[in-house]
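One file, data-v8.csv, is given below (CSV, C-alpha atoms and all ligand atoms).
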chain,number,residue,atom,x,y,z
A,135,ARG,CA,20.8,43.2,83.3
A,136,PRO,CA,19.4,39.8,82.3
A,137,LEU,CA,21.4,36.5,82.4
A,138,ASN,CA,23.1,36.4,79.0
A,139,VAL,CA,23.0,32.8,77.8
A,140,ALA,CA,24.7,31.0,74.9
A,141,ILE,CA,23.1,27.7,73.7
A,142,MET,CA,25.4,24.9,72.8
A,143,GLY,CA,23.8,22.4,70.4
A,144,LEU,CA,21.2,23.9,68.1
A,145,GLY,CA,19.0,20.8,67.7
A,146,GLY,CA,15.4,20.0,68.5
A,147,TYR,CA,15.4,20.8,72.2
A,148,GLY,CA,17.8,23.8,71.8
A,149,THR,CA,15.3,25.3,69.4
A,150,MET,CA,12.5,24.8,71.9
A,151,VAL,CA,14.5,26.5,74.7
A,152,ALA,CA,15.4,29.4,72.3
A,153,ASN,CA,11.8,30.0,71.4
A,154,ALA,CA,10.7,29.8,75.0
A,155,MET,CA,13.4,32.3,76.0
A,156,ARG,CA,11.7,34.9,73.8
A,157,ALA,CA,9.2,35.5,76.6
A,158,CYS,CA,11.9,35.7,79.4
A,159,LYS,CA,12.7,39.0,81.1
A,160,LYS,CA,15.5,37.8,83.4
A,161,ALA,CA,17.3,35.6,80.8
A,162,LYS,CA,18.4,36.4,77.3
A,163,LEU,CA,19.6,34.2,74.5
A,164,ASN,CA,22.7,36.1,73.4
A,165,GLY,CA,25.1,33.5,71.9
A,166,VAL,CA,25.4,30.2,70.1
A,167,ILE,CA,27.9,27.3,69.9
A,168,SER,CA,27.4,24.9,67.0
A,169,GLY,CA,29.4,22.8,64.5
A,170,THR,CA,27.1,23.8,61.6
A,171,PRO,CA,27.8,27.3,60.1
A,172,SER,CA,24.4,27.4,58.3
A,173,LYS,CA,22.6,26.9,61.6
A,174,ILE,CA,24.6,29.7,63.2
A,175,SER,CA,23.7,32.2,60.5
A,176,ASP,CA,20.0,31.0,60.7
A,177,TRP,CA,19.9,31.5,64.5
A,178,GLN,CA,21.7,34.9,64.2
A,179,THR,CA,18.8,36.1,62.0
A,180,ARG,CA,16.1,34.5,64.0
A,181,TYR,CA,17.2,35.5,67.5
A,182,ARG,CA,19.4,38.6,66.7
A,183,ILE,CA,22.6,37.1,67.9
A,184,PRO,CA,25.7,39.2,67.3
A,185,GLU,CA,28.5,37.7,65.3
A,186,LYS,CA,31.0,38.1,68.1
A,187,ASN,CA,28.9,35.8,70.3
A,188,CYS,CA,29.0,32.8,67.9
A,189,TYR,CA,31.4,29.9,68.4
A,190,ASN,CA,32.1,26.4,67.2
A,191,TYR,CA,33.3,23.3,69.1
A,192,ASP,CA,36.9,24.1,68.4
A,193,ASN,CA,37.0,27.7,69.6
A,194,PHE,CA,34.4,28.0,72.3
A,195,ASP,CA,37.0,28.1,75.0
A,196,ASN,CA,37.5,31.8,73.8
A,197,ILE,CA,34.1,32.5,75.4
A,198,ALA,CA,36.3,33.1,78.6
A,199,SER,CA,37.0,36.6,77.3
A,200,ASN,CA,33.5,37.5,76.3
A,201,PRO,CA,31.8,39.7,78.9
A,202,ASP,CA,28.4,39.4,77.0
A,203,ILE,CA,28.0,35.8,77.9
A,204,ASP,CA,27.3,34.8,81.5
A,205,ALA,CA,26.2,31.2,81.1
A,206,VAL,CA,26.3,28.4,78.5
A,207,TYR,CA,23.3,26.0,78.2
A,208,VAL,CA,24.6,22.6,77.0
A,209,ILE,CA,21.9,20.9,74.9
A,210,THR,CA,23.9,18.2,73.0
A,211,PRO,CA,23.7,14.4,73.1
A,212,ASN,CA,24.2,13.0,76.7
A,213,GLY,CA,27.6,11.4,76.1
A,214,LEU,CA,29.1,14.8,75.2
A,215,HIS,CA,27.9,16.7,78.3
A,216,LYS,CA,30.8,15.9,80.6
A,217,ASP,CA,33.7,17.2,78.5
A,218,GLN,CA,31.7,20.2,77.2
A,219,VAL,CA,30.5,21.2,80.7
A,220,ILE,CA,34.1,21.0,82.1
A,221,ARG,CA,35.4,23.1,79.2
A,222,VAL,CA,32.7,25.8,79.8
A,223,ALA,CA,33.6,25.8,83.5
A,224,LYS,CA,37.2,26.2,82.7
A,225,ALA,CA,36.3,29.2,80.6
A,226,GLY,CA,34.8,30.7,83.8
A,227,LYS,CA,31.1,30.7,82.7
A,228,HIS,CA,28.1,29.3,84.6
A,229,VAL,CA,26.7,26.1,83.1
A,230,ILE,CA,23.2,24.8,82.6
A,231,CYS,CA,23.3,21.3,81.3
A,232,GLU,CA,20.5,19.1,79.9
A,233,LYS,CA,19.4,15.9,81.6
A,234,PRO,CA,20.8,13.3,82.0
A,235,MET,CA,23.7,15.6,83.2
A,236,ALA,CA,26.1,12.7,82.5
A,237,VAL,CA,26.1,9.0,81.6
A,238,ASN,CA,27.0,7.8,85.1
A,239,ALA,CA,27.5,9.1,88.6
A,240,LYS,CA,31.3,9.1,88.4
A,241,GLU,CA,31.3,11.5,85.4
A,242,GLY,CA,28.6,13.6,87.0
A,243,GLN,CA,30.7,14.0,90.1
A,244,GLU,CA,33.7,15.1,88.0
A,245,MET,CA,31.5,17.8,86.5
A,246,VAL,CA,30.3,19.0,89.9
A,247,ASP,CA,33.9,19.1,91.1
A,248,ALA,CA,35.1,21.0,88.0
A,249,CYS,CA,32.4,23.7,88.4
A,250,LYS,CA,33.2,24.0,92.1
A,251,LYS,CA,36.9,24.5,91.3
A,252,ALA,CA,36.1,27.1,88.7
A,253,ASN,CA,33.7,28.8,91.0
A,254,VAL,CA,30.8,28.7,88.5
A,255,LYS,CA,27.3,27.4,89.1
A,256,LEU,CA,26.1,24.1,87.5
A,257,LEU,CA,22.4,23.7,87.0
A,258,VAL,CA,20.5,20.9,85.2
A,259,GLY,CA,17.5,21.3,82.9
A,260,TYR,CA,15.0,19.7,85.3
A,261,ARG,CA,12.1,21.8,84.0
A,262,MET,CA,9.4,19.9,86.1
A,263,HIS,CA,11.0,21.3,89.3
A,264,PHE,CA,9.3,24.6,88.4
A,265,GLU,CA,5.9,23.3,87.1
A,266,PRO,CA,3.0,24.6,89.2
A,267,LYS,CA,0.9,21.4,89.5
A,268,THR,CA,3.9,19.3,90.4
A,269,LEU,CA,4.9,21.9,93.0
A,270,GLU,CA,1.3,21.9,94.4
A,271,ILE,CA,1.4,18.1,95.1
A,272,ILE,CA,4.8,18.6,96.7
A,273,ARG,CA,3.3,21.4,98.8
A,274,LEU,CA,0.4,19.2,99.9
A,275,ARG,CA,2.7,16.3,100.8
A,276,LYS,CA,4.9,18.6,102.9
A,277,ALA,CA,1.9,20.1,104.6
A,278,GLY,CA,0.8,16.6,105.6
A,279,GLU,CA,-2.4,16.8,103.6
A,280,LEU,CA,-1.7,13.5,102.0
A,281,GLY,CA,-0.9,11.8,105.3
A,282,LYS,CA,1.9,9.2,105.6
A,283,ILE,CA,3.3,8.6,102.1
A,284,MET,CA,3.2,4.9,101.3
A,285,PHE,CA,3.6,4.5,97.5
A,286,PHE,CA,4.7,6.2,94.3
A,287,GLN,CA,4.2,5.0,90.8
A,288,GLY,CA,6.2,6.6,87.9
A,289,LEU,CA,5.5,5.6,84.3
A,290,SER,CA,7.8,7.2,81.8
A,291,GLY,CA,8.1,6.1,78.2
A,292,PHE,CA,7.2,6.6,74.5
A,293,THR,CA,7.7,4.7,71.3
A,294,ILE,CA,11.0,5.8,69.7
A,295,GLY,CA,11.3,6.1,65.9
A,296,ASP,CA,14.4,6.2,63.7
A,297,PRO,CA,16.8,3.4,64.7
A,298,LYS,CA,19.8,5.5,63.6
A,299,GLN,CA,19.3,8.4,66.0
A,300,TRP,CA,21.9,9.2,68.7
A,301,ARG,CA,19.4,8.2,71.4
A,302,LEU,CA,19.9,4.6,70.3
A,303,ASN,CA,23.7,4.9,70.2
A,304,LYS,CA,25.3,3.8,73.4
A,305,ALA,CA,28.4,6.1,73.1
A,306,LEU,CA,26.3,9.2,72.6
A,307,ALA,CA,23.2,8.3,74.8
A,308,GLY,CA,25.0,6.5,77.6
A,309,GLY,CA,22.2,3.9,77.7
A,310,GLY,CA,18.6,3.7,76.4
A,311,SER,CA,15.2,4.6,77.7
A,312,LEU,CA,16.3,5.0,81.3
A,313,MET,CA,18.9,7.7,80.5
A,314,ASP,CA,16.4,9.7,78.3
A,315,ILE,CA,12.9,9.2,79.7
A,316,GLY,CA,13.1,6.9,82.7
A,317,ILE,CA,15.1,9.6,84.5
A,318,TYR,CA,11.8,11.5,85.0
A,319,ALA,CA,10.4,8.6,87.1
A,320,VAL,CA,13.7,8.3,89.0
A,321,ASN,CA,13.8,12.1,89.7
A,322,GLY,CA,10.0,12.2,90.2
A,323,ALA,CA,10.1,9.4,92.8
A,324,ARG,CA,12.5,11.5,94.9
A,325,TYR,CA,10.7,14.8,94.7
A,326,MET,CA,7.2,13.3,95.1
A,327,VAL,CA,8.0,11.0,98.0
A,328,GLY,CA,10.4,13.5,99.5
A,329,GLU,CA,13.0,10.9,100.5
A,330,GLU,CA,16.1,9.3,99.0
A,331,PRO,CA,15.8,5.6,98.1
A,332,VAL,CA,17.8,3.0,100.2
A,333,TRP,CA,17.4,0.1,97.8
A,334,VAL,CA,16.8,-0.6,94.2
A,335,THR,CA,15.6,-3.7,92.2
A,336,ALA,CA,15.1,-3.8,88.5
A,337,GLU,CA,14.2,-6.1,85.6
A,338,GLU,CA,14.9,-5.4,81.9
A,339,THR,CA,12.8,-6.6,78.9
A,340,LYS,CA,14.1,-6.5,75.3
A,341,THR,CA,11.8,-7.4,72.4
A,342,ASP,CA,14.0,-6.0,69.7
A,343,PRO,CA,17.7,-6.6,70.2
A,344,VAL,CA,18.6,-5.2,66.8
A,345,LYS,CA,17.1,-1.8,67.3
A,346,PHE,CA,18.1,-1.8,71.0
A,347,ALA,CA,21.7,-3.0,70.9
A,348,GLU,CA,23.9,-4.1,73.9
A,349,GLY,CA,23.8,-1.4,76.5
A,350,VAL,CA,20.8,0.4,75.1
A,351,ASP,CA,17.8,-0.5,77.3
A,352,GLU,CA,14.4,-0.8,75.6
A,353,THR,CA,12.2,-1.3,78.8
A,354,ILE,CA,13.2,-1.4,82.4
A,355,GLN,CA,10.9,-1.8,85.4
A,356,PHE,CA,12.4,-0.7,88.7
A,357,GLN,CA,11.4,-0.5,92.3
A,358,PHE,CA,12.7,1.6,95.2
A,359,GLY,CA,12.4,1.3,99.0
A,360,PHE,CA,12.6,4.5,101.1
A,361,PRO,CA,13.7,4.9,104.8
A,362,SER,CA,10.1,5.6,105.9
A,363,GLY,CA,9.0,2.2,104.5
A,364,ALA,CA,7.4,3.9,101.4
A,365,ILE,CA,8.0,2.1,98.1
A,366,ALA,CA,8.0,3.1,94.5
A,367,SER,CA,7.3,1.1,91.3
A,368,CYS,CA,8.4,2.6,88.0
A,369,LEU,CA,8.6,1.8,84.3
A,370,SER,CA,10.9,3.2,81.7
A,371,SER,CA,10.4,2.4,78.0
A,372,TYR,CA,11.2,3.2,74.4
A,373,ASN,CA,8.6,0.8,73.2
A,374,ILE,CA,5.3,1.6,75.1
A,375,SER,CA,3.1,4.6,74.3
A,376,TYR,CA,1.2,7.0,76.5
A,377,LEU,CA,3.5,6.3,79.5
A,378,ASP,CA,3.7,9.6,81.4
A,379,ARG,CA,2.0,9.3,84.7
A,380,PHE,CA,2.9,9.9,88.3
A,381,PHE,CA,0.8,8.7,91.2
A,382,LEU,CA,1.5,9.4,94.9
A,383,SER,CA,-0.5,7.7,97.6
A,384,GLY,CA,-0.6,8.6,101.2
A,385,ASP,CA,-2.9,7.4,104.0
A,386,LYS,CA,-5.0,10.6,103.8
A,387,GLY,CA,-4.9,11.4,100.1
A,388,PHE,CA,-3.4,11.0,96.7
A,389,GLY,CA,-1.8,13.2,94.0
A,390,GLU,CA,-1.9,12.2,90.3
A,391,LEU,CA,-0.3,13.8,87.3
A,392,TYR,CA,-1.1,12.6,83.8
A,393,PRO,CA,0.5,13.7,81.7
A,394,ALA,CA,3.2,14.3,84.3
A,395,THR,CA,6.3,15.4,82.4
A,396,GLY,CA,5.4,16.2,78.8
A,397,TYR,CA,5.7,19.7,77.5
A,398,GLY,CA,2.3,20.4,78.7
A,399,PRO,CA,-0.3,21.1,79.7
A,400,ILE,CA,0.3,18.9,82.7
A,401,MET,CA,-2.9,17.6,84.1
A,402,GLY,CA,-3.2,16.9,87.8
A,403,ARG,CA,-5.7,16.0,90.5
A,404,THR,CA,-5.8,15.0,94.1
A,405,ASN,CA,-8.5,13.2,96.2
A,406,LYS,CA,-10.0,16.7,96.6
A,407,GLY,CA,-10.4,17.4,92.9
A,408,GLU,CA,-8.7,18.8,89.8
A,409,LEU,CA,-5.7,21.0,90.0
A,410,SER,CA,-6.4,24.1,88.0
A,411,PHE,CA,-3.2,26.1,87.7
A,412,LEU,CA,-2.7,27.8,84.3
A,413,HIS,CA,-0.3,26.2,81.9
A,414,VAL,CA,3.1,27.9,81.7
A,415,THR,CA,5.7,27.2,79.1
A,416,HIS,CA,8.1,25.1,81.1
A,417,GLN,CA,11.3,26.3,79.5
A,418,THR,CA,10.3,30.0,80.0
A,419,VAL,CA,9.7,29.6,83.7
A,420,GLN,CA,12.8,27.4,84.1
A,421,MET,CA,15.1,30.0,82.5
A,422,GLU,CA,13.5,32.9,84.5
A,423,GLU,CA,14.1,30.9,87.7
A,424,MET,CA,17.6,29.8,86.7
A,425,ALA,CA,18.5,33.5,86.1
A,426,ASP,CA,17.4,34.2,89.6
A,427,ILE,CA,19.4,31.3,91.0
A,428,ILE,CA,22.5,32.3,89.2
A,429,LEU,CA,22.3,36.1,89.5
A,430,ASN,CA,20.6,36.4,92.8
A,431,GLY,CA,21.3,33.2,94.7
A,432,LYS,CA,17.6,32.2,94.8
A,433,THR,CA,17.0,28.7,96.3
A,434,PRO,CA,14.5,26.7,94.2
A,435,ILE,CA,11.8,24.6,96.0
A,436,VAL,CA,13.3,21.4,94.4
A,437,PRO,CA,17.0,21.6,93.8
A,438,VAL,CA,18.3,21.8,90.2
A,439,ASP,CA,22.0,21.7,90.8
A,440,GLY,CA,24.7,19.3,89.8
A,441,GLU,CA,24.6,17.5,93.2
A,442,GLU,CA,20.9,16.8,92.6
A,443,ALA,CA,21.7,15.3,89.2
A,444,VAL,CA,24.5,13.1,90.7
A,445,LYS,CA,21.8,11.7,93.1
A,446,ASP,CA,19.7,10.6,90.1
A,447,LEU,CA,22.8,9.2,88.3
A,448,LYS,CA,23.8,7.1,91.4
A,449,ILE,CA,20.3,5.6,91.4
A,450,MET,CA,20.4,5.0,87.6
A,451,ASP,CA,23.8,3.2,88.0
A,452,ALA,CA,22.2,1.0,90.6
A,453,ILE,CA,19.1,0.3,88.4
A,454,TYR,CA,21.4,-0.9,85.6
A,455,LEU,CA,23.4,-3.0,88.1
A,456,ALA,CA,20.2,-4.5,89.6
A,457,ALA,CA,18.9,-5.3,86.1
A,458,LYS,CA,22.1,-7.0,85.1
A,459,THR,CA,22.7,-9.0,88.3
A,460,GLY,CA,19.1,-9.6,89.4
A,461,LYS,CA,20.1,-8.5,92.8
A,462,LYS,CA,18.6,-6.0,95.2
A,463,ILE,CA,21.1,-3.1,95.3
A,464,PRO,CA,21.5,-1.1,98.6
A,465,LEU,CA,22.1,2.6,98.3
A,466,LYS,CA,23.8,4.7,100.8
B,501,LIG,P1,18.9,16.7,68.9
B,501,LIG,O1,19.4,15.5,68.1
B,501,LIG,O2,17.6,17.3,68.3
B,501,LIG,O3,19.9,17.8,69.0
B,501,LIG,C1,21.3,17.6,69.4
B,501,LIG,C2,22.2,18.6,68.8
B,501,LIG,O4,23.5,18.3,69.2
B,501,LIG,C3,22.1,18.7,67.3
B,501,LIG,O5,22.0,20.1,66.9
B,501,LIG,C4,23.4,18.1,66.8
B,501,LIG,O6,23.9,18.7,65.6
B,501,LIG,C5,24.3,18.5,68.0
B,501,LIG,N1,25.5,17.7,68.1
B,501,LIG,C6,26.7,18.2,68.5
B,501,LIG,N2,27.7,17.2,68.4
B,501,LIG,C7,27.0,16.1,68.1
B,501,LIG,C8,27.5,14.8,67.8
B,501,LIG,N3,28.7,14.4,68.0
B,501,LIG,N4,26.5,13.8,67.5
B,501,LIG,C9,25.2,14.2,67.3
B,501,LIG,N5,24.8,15.4,67.5
B,501,LIG,C10,25.7,16.4,67.9
B,501,LIG,O7,18.7,16.2,70.4
B,501,LIG,P2,17.8,16.9,71.5
B,501,LIG,O8,16.5,16.3,71.5
B,501,LIG,O9,17.9,18.4,71.3
B,501,LIG,O10,18.6,16.5,72.8
B,501,LIG,C11,19.7,17.2,73.3
B,501,LIG,C12,19.8,17.1,74.8
B,501,LIG,O11,18.7,17.7,75.4
B,501,LIG,C13,19.9,15.7,75.3
B,501,LIG,O12,20.7,15.6,76.4
B,501,LIG,C14,18.4,15.4,75.7
B,501,LIG,O13,18.3,14.4,76.8
B,501,LIG,C15,18.0,16.7,76.2
B,501,LIG,N6,16.5,17.0,76.1
B,501,LIG,C16,15.9,17.4,77.2
B,501,LIG,C17,14.5,17.6,77.1
B,501,LIG,C18,13.8,18.2,78.3
B,501,LIG,O14,12.6,18.2,78.3
B,501,LIG,N7,14.5,18.7,79.4
B,501,LIG,C19,13.8,17.4,76.0
B,501,LIG,C20,14.5,16.9,74.9
B,501,LIG,C21,15.9,16.7,75.0
Give the structure from the file, written as structure tokens.
Amino acid sequence: RPLNVAIMGLGGYGTMVANAMRACKKAKLNGVISGTPSKISDWQTRYRIPEKNCYNYDNFDNIASNPDIDAVYVITPNGLHKDQVIRVAKAGKHVICEKPMAVNAKEGQEMVDACKKANVKLLVGYRMHFEPKTLEIIRLRKAGELGKIMFFQGLSGFTIGDPKQWRLNKALAGGGSLMDIGIYAVNGARYMVGEEPVWVTAEETKTDPVKFAEGVDETIQFQFGFPSGAIASCLSSYNISYLDRFFLSGDKGFGELYPATGYGPIMGRTNKGELSFLHVTHQTVQMEEMADIILNGKTPIVPVDGEEAVKDLKIMDAIYLAAKTGKKIPLK
């Protein structure tokens, strides 16, 4: 049988995942958790979800006794993930959580520990980890085709609209652009270079302190150093358009993705020419692969588990600290 999934948080991205799951064979949308009754009835009709698989934020612990739900996909504002994921784990269901998994590494580790204790899997919605052109550049780098890796550039940003949205609310978002979009450059630097950074420096720029309040970063530039001597230079912004580019440079070749992390199609090339893999709907492939990881213990090429997310969160904590203190922050 497929992996039966309940989505928690029926907003913009939840809807995108639900629509993408229509094409899945190994995963099935079979339940919802929402605070809005009208959305629940709408989703029941649209996705044929039985009444007994519908929950709200007060009663979703009862999912523990529902054999028709195997996993809950948490797609709510970032600041709510920790408590919601821990509640799902306590109900004995596997958890898929959207990025950023938590608002700092300490909370992320608590989530990892809670899932371990409950003996459930914790996966994070890192959809690029299954994207063919991304994986091809990783394959070429691992095969030595790019030579010794010297440099990565990750540009991640867009111009954010409505100043009242939760993404600009520190309590719900956990920060600003870095939490939401800069995380792609952080995560991308690690999977493109294939190493963990050993130091971080960062500088923050704020042109609009009203829209981007204290603790909500508008633009952050950050740099990493890796054990091999490779370096990374990245930019995260809520106020610069068309920022979605990864560039990996080695002494024998390069890989470029632009756009690198949008919903697609991803465009990519190397020193040898264009990458011509067919576009796949990221969320469909992600859910097929996650069903295999949860049900059959499949190991993904790039990890998508809670520990992987904590690695990103530790680096993001260090970026914020570096931006605040102006110091170079060493990472273990
Ligand atoms: P959204 O605002 O469109 O939806 C959020 C949903 O959470 C809404 O249905 C809202 O009603 C619900 N919600 C529950 N409690 C809430 C509360 N206290 N305050 C506000 N909303 C509450 O946001 P979204 O774009 O769907 O983002 C949700 C999560 O998905 C975020 O963590 C975001 O980073 C992530 N996301 C990931 C991707 C990706 O490509 N992987 C893309 C977009 C969003």
May I ask you to write as an mmCIF file with C-alpha atoms, in the frame of the given file all residues lying at most 9 Å from ligand LIG 501 (chain B), with all atoms listed in the file counted?
data_model
loop_
_atom_site.group_PDB
_atom_site.id
_atom_site.type_symbol
_atom_site.label_atom_id
_atom_site.label_comp_id
_atom_site.auth_asym_id
_atom_site.auth_seq_id
_atom_site.Cartn_x
_atom_site.Cartn_y
_atom_site.Cartn_z
ATOM 1 C CA MET A 142 25.400 24.900 72.800
ATOM 2 C CA GLY A 143 23.800 22.400 70.400
ATOM 3 C CA LEU A 144 21.200 23.900 68.100
ATOM 4 C CA GLY A 145 19.000 20.800 67.700
ATOM 5 C CA GLY A 146 15.400 20.000 68.500
ATOM 6 C CA TYR A 147 15.400 20.800 72.200
ATOM 7 C CA GLY A 148 17.800 23.800 71.800
ATOM 8 C CA THR A 149 15.300 25.300 69.400
ATOM 9 C CA MET A 150 12.500 24.800 71.900
ATOM 10 C CA SER A 168 27.400 24.900 67.000
ATOM 11 C CA GLY A 169 29.400 22.800 64.500
ATOM 12 C CA THR A 170 27.100 23.800 61.600
ATOM 13 C CA LYS A 173 22.600 26.900 61.600
ATOM 14 C CA TYR A 191 33.300 23.300 69.100
ATOM 15 C CA VAL A 208 24.600 22.600 77.000
ATOM 16 C CA ILE A 209 21.900 20.900 74.900
ATOM 17 C CA THR A 210 23.900 18.200 73.000
ATOM 18 C CA PRO A 211 23.700 14.400 73.100
ATOM 19 C CA ASN A 212 24.200 13.000 76.700
ATOM 20 C CA GLY A 213 27.600 11.400 76.100
ATOM 21 C CA LEU A 214 29.100 14.800 75.200
ATOM 22 C CA HIS A 215 27.900 16.700 78.300
ATOM 23 C CA CYS A 231 23.300 21.300 81.300
ATOM 24 C CA GLU A 232 20.500 19.100 79.900
ATOM 25 C CA LYS A 233 19.400 15.900 81.600
ATOM 26 C CA PRO A 234 20.800 13.300 82.000
ATOM 27 C CA MET A 235 23.700 15.600 83.200
ATOM 28 C CA ALA A 236 26.100 12.700 82.500
ATOM 29 C CA VAL A 258 20.500 20.900 85.200
ATOM 30 C CA GLY A 259 17.500 21.300 82.900
ATOM 31 C CA TYR A 260 15.000 19.700 85.300
ATOM 32 C CA ARG A 261 12.100 21.800 84.000
ATOM 33 C CA MET A 262 9.400 19.900 86.100
ATOM 34 C CA GLN A 299 19.300 8.400 66.000
ATOM 35 C CA TRP A 300 21.900 9.200 68.700
ATOM 36 C CA ARG A 301 19.400 8.200 71.400
ATOM 37 C CA LEU A 306 26.300 9.200 72.600
ATOM 38 C CA ALA A 307 23.200 8.300 74.800
ATOM 39 C CA MET A 313 18.900 7.700 80.500
ATOM 40 C CA ASP A 314 16.400 9.700 78.300
ATOM 41 C CA ILE A 315 12.900 9.200 79.700
ATOM 42 C CA THR A 395 6.300 15.400 82.400
ATOM 43 C CA GLY A 396 5.400 16.200 78.800
ATOM 44 C CA TYR A 397 5.700 19.700 77.500
ATOM 45 C CA HIS A 416 8.100 25.100 81.100
ATOM 46 C CA GLN A 417 11.300 26.300 79.500
#
Item to complete: Point out the residue among A:Ala323, A:Ala336, A:Val219, A:Leu447 with the least atom-to-atom distance to Arg379 (chain A), counting all atoms listed in the file.
Response: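 So, comparing all the options, the nearest one is A:Ala323.
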Worksheet entry | Within 10 Å of Asn200 (chain A) using only C-alpha atoms, minus same-chain residues under 6 positions, as a list of chain:residue names |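 Selected residues are A:Lys186, A:Asn187, A:Ala225, A:Lys227.
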Worksheet entry | Residues within 7 Å of Gly402 (chain A), only C-alpha atoms, excluding chain neighbours under 3 positions, as number ranges by chain | A: 267, 390-392, 408-409
Worksheet entry | Distance criterion (only C-alpha atoms): nearest to Met450 (chain A) out of A:Leu312, A:Lys386, A:Ala319, A:Glu352 |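 The answer is A:Leu312, which sits nearest to Met450 (chain A).
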Discussion item. Please list as a list of chain:residue names every residue within 7 Å of region 427-443 of chain A, counting only C-alpha atoms and excluding residues in the same chain fewer than 2 positions away.
Written reply: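 Within the cut-off, the hits are A:Met235, A:Val246, A:Lys255, A:Leu256, A:Leu257, A:Val258, A:Tyr260, A:His263, A:Glu423, A:Met424, A:Ala425, A:Lys445, A:Asp446, A:Leu447.
What separates CA of Leu382 (chain A) from CA of Asp451 (chain A) is a distance of 24.2 Å.
Of the listed residues (A:Val222, A:Leu280, A:Ala205, A:Leu289), A:Leu280 comes nearest to Lys406 (chain A); the distances count only C-alpha atoms.
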Fill in: Given all atoms listed in the file as the counted atoms, nearest of A:Thr341, A:Leu302, A:Arg273, A:Asp217 to Cys249 (chain A)
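Checking each candidate against Cys249 (chain A), we get A:Asp217 as the closest.
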Worksheet item: Using all atoms listed in the file, which residue out of A:Gln420, A:Ile463, A:Glu265, A:Gly295 lies closest to Lys159 (chain A)?
Response: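 That would be A:Gln420, the residue with the smallest distance to Lys159 (chain A).
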Practice prompt. Go through A:Ser383, A:Asn190, A:Thr404, A:Thr353 one by one, measure the shortest atom-to-atom distance of each to Glu337 (chain A) using all atoms listed in the file, and give the residue with the smallest value.
Written response: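 Answer, going by the shortest atom-to-atom distance: A:Thr353.
Distance-wise, CA of Phe286 (chain A) and CA of Phe380 (chain A) end up 7.3 Å apart.
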Which residues, written as a short mmCIF file (atom, residue, chain, number, x, y, z; two decimals) with C-alpha atoms, in the coordinates of the input, have at least one atom at most 10 Å from region 274-276 of chain A, with all atoms listed in the file counted and residues fewer than 6 positions away on the same chain left out?
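Below is the file selection26.cif, written as the result:
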data_model
loop_
_atom_site.label_atom_id
_atom_site.label_comp_id
_atom_site.auth_asym_id
_atom_site.auth_seq_id
_atom_site.Cartn_x
_atom_site.Cartn_y
_atom_site.Cartn_z
CA LYS A 282 1.90 9.20 105.60
CA ILE A 283 3.30 8.60 102.10
CA MET A 326 7.20 13.30 95.10
CA VAL A 327 8.00 11.00 98.00
CA GLY A 328 10.40 13.50 99.50
CA LEU A 382 1.50 9.40 94.90
CA SER A 383 -0.50 7.70 97.60
CA GLY A 384 -0.60 8.60 101.20
CA GLY A 387 -4.90 11.40 100.10
CA PHE A 388 -3.40 11.00 96.70
CA GLY A 389 -1.80 13.20 94.00
CA THR A 404 -5.80 15.00 94.10
#
Practice prompt. Step by step: start from the point (34.5, 25.4, 64.4) in the file's coordinates, keep every protein, DNA or RNA residue that has an atom no farther than 12 Å from it, count all atoms listed in the file, and write the set as number ranges by chain.
Written response: A: 166-172, 174, 188-196
Which residues are close to Gly363 (chain A), i.e. within 10 Å by only C-alpha atoms, leaving aside same-chain residues fewer than 6 positions away? Reply as a PDB file with C-alpha atoms, in the frame of the given file.
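Contents of the output file result36.pdb:
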ATOM      1  CA  ILE A 283       3.300   8.600 102.100  1.00  0.00           C
ATOM      2  CA  MET A 284       3.200   4.900 101.300  1.00  0.00           C
ATOM      3  CA  PHE A 285       3.600   4.500  97.500  1.00  0.00           C
ATOM      4  CA  PRO A 331      15.800   5.600  98.100  1.00  0.00           C
ATOM      5  CA  VAL A 332      17.800   3.000 100.200  1.00  0.00           C
TER       6      VAL A 332
END
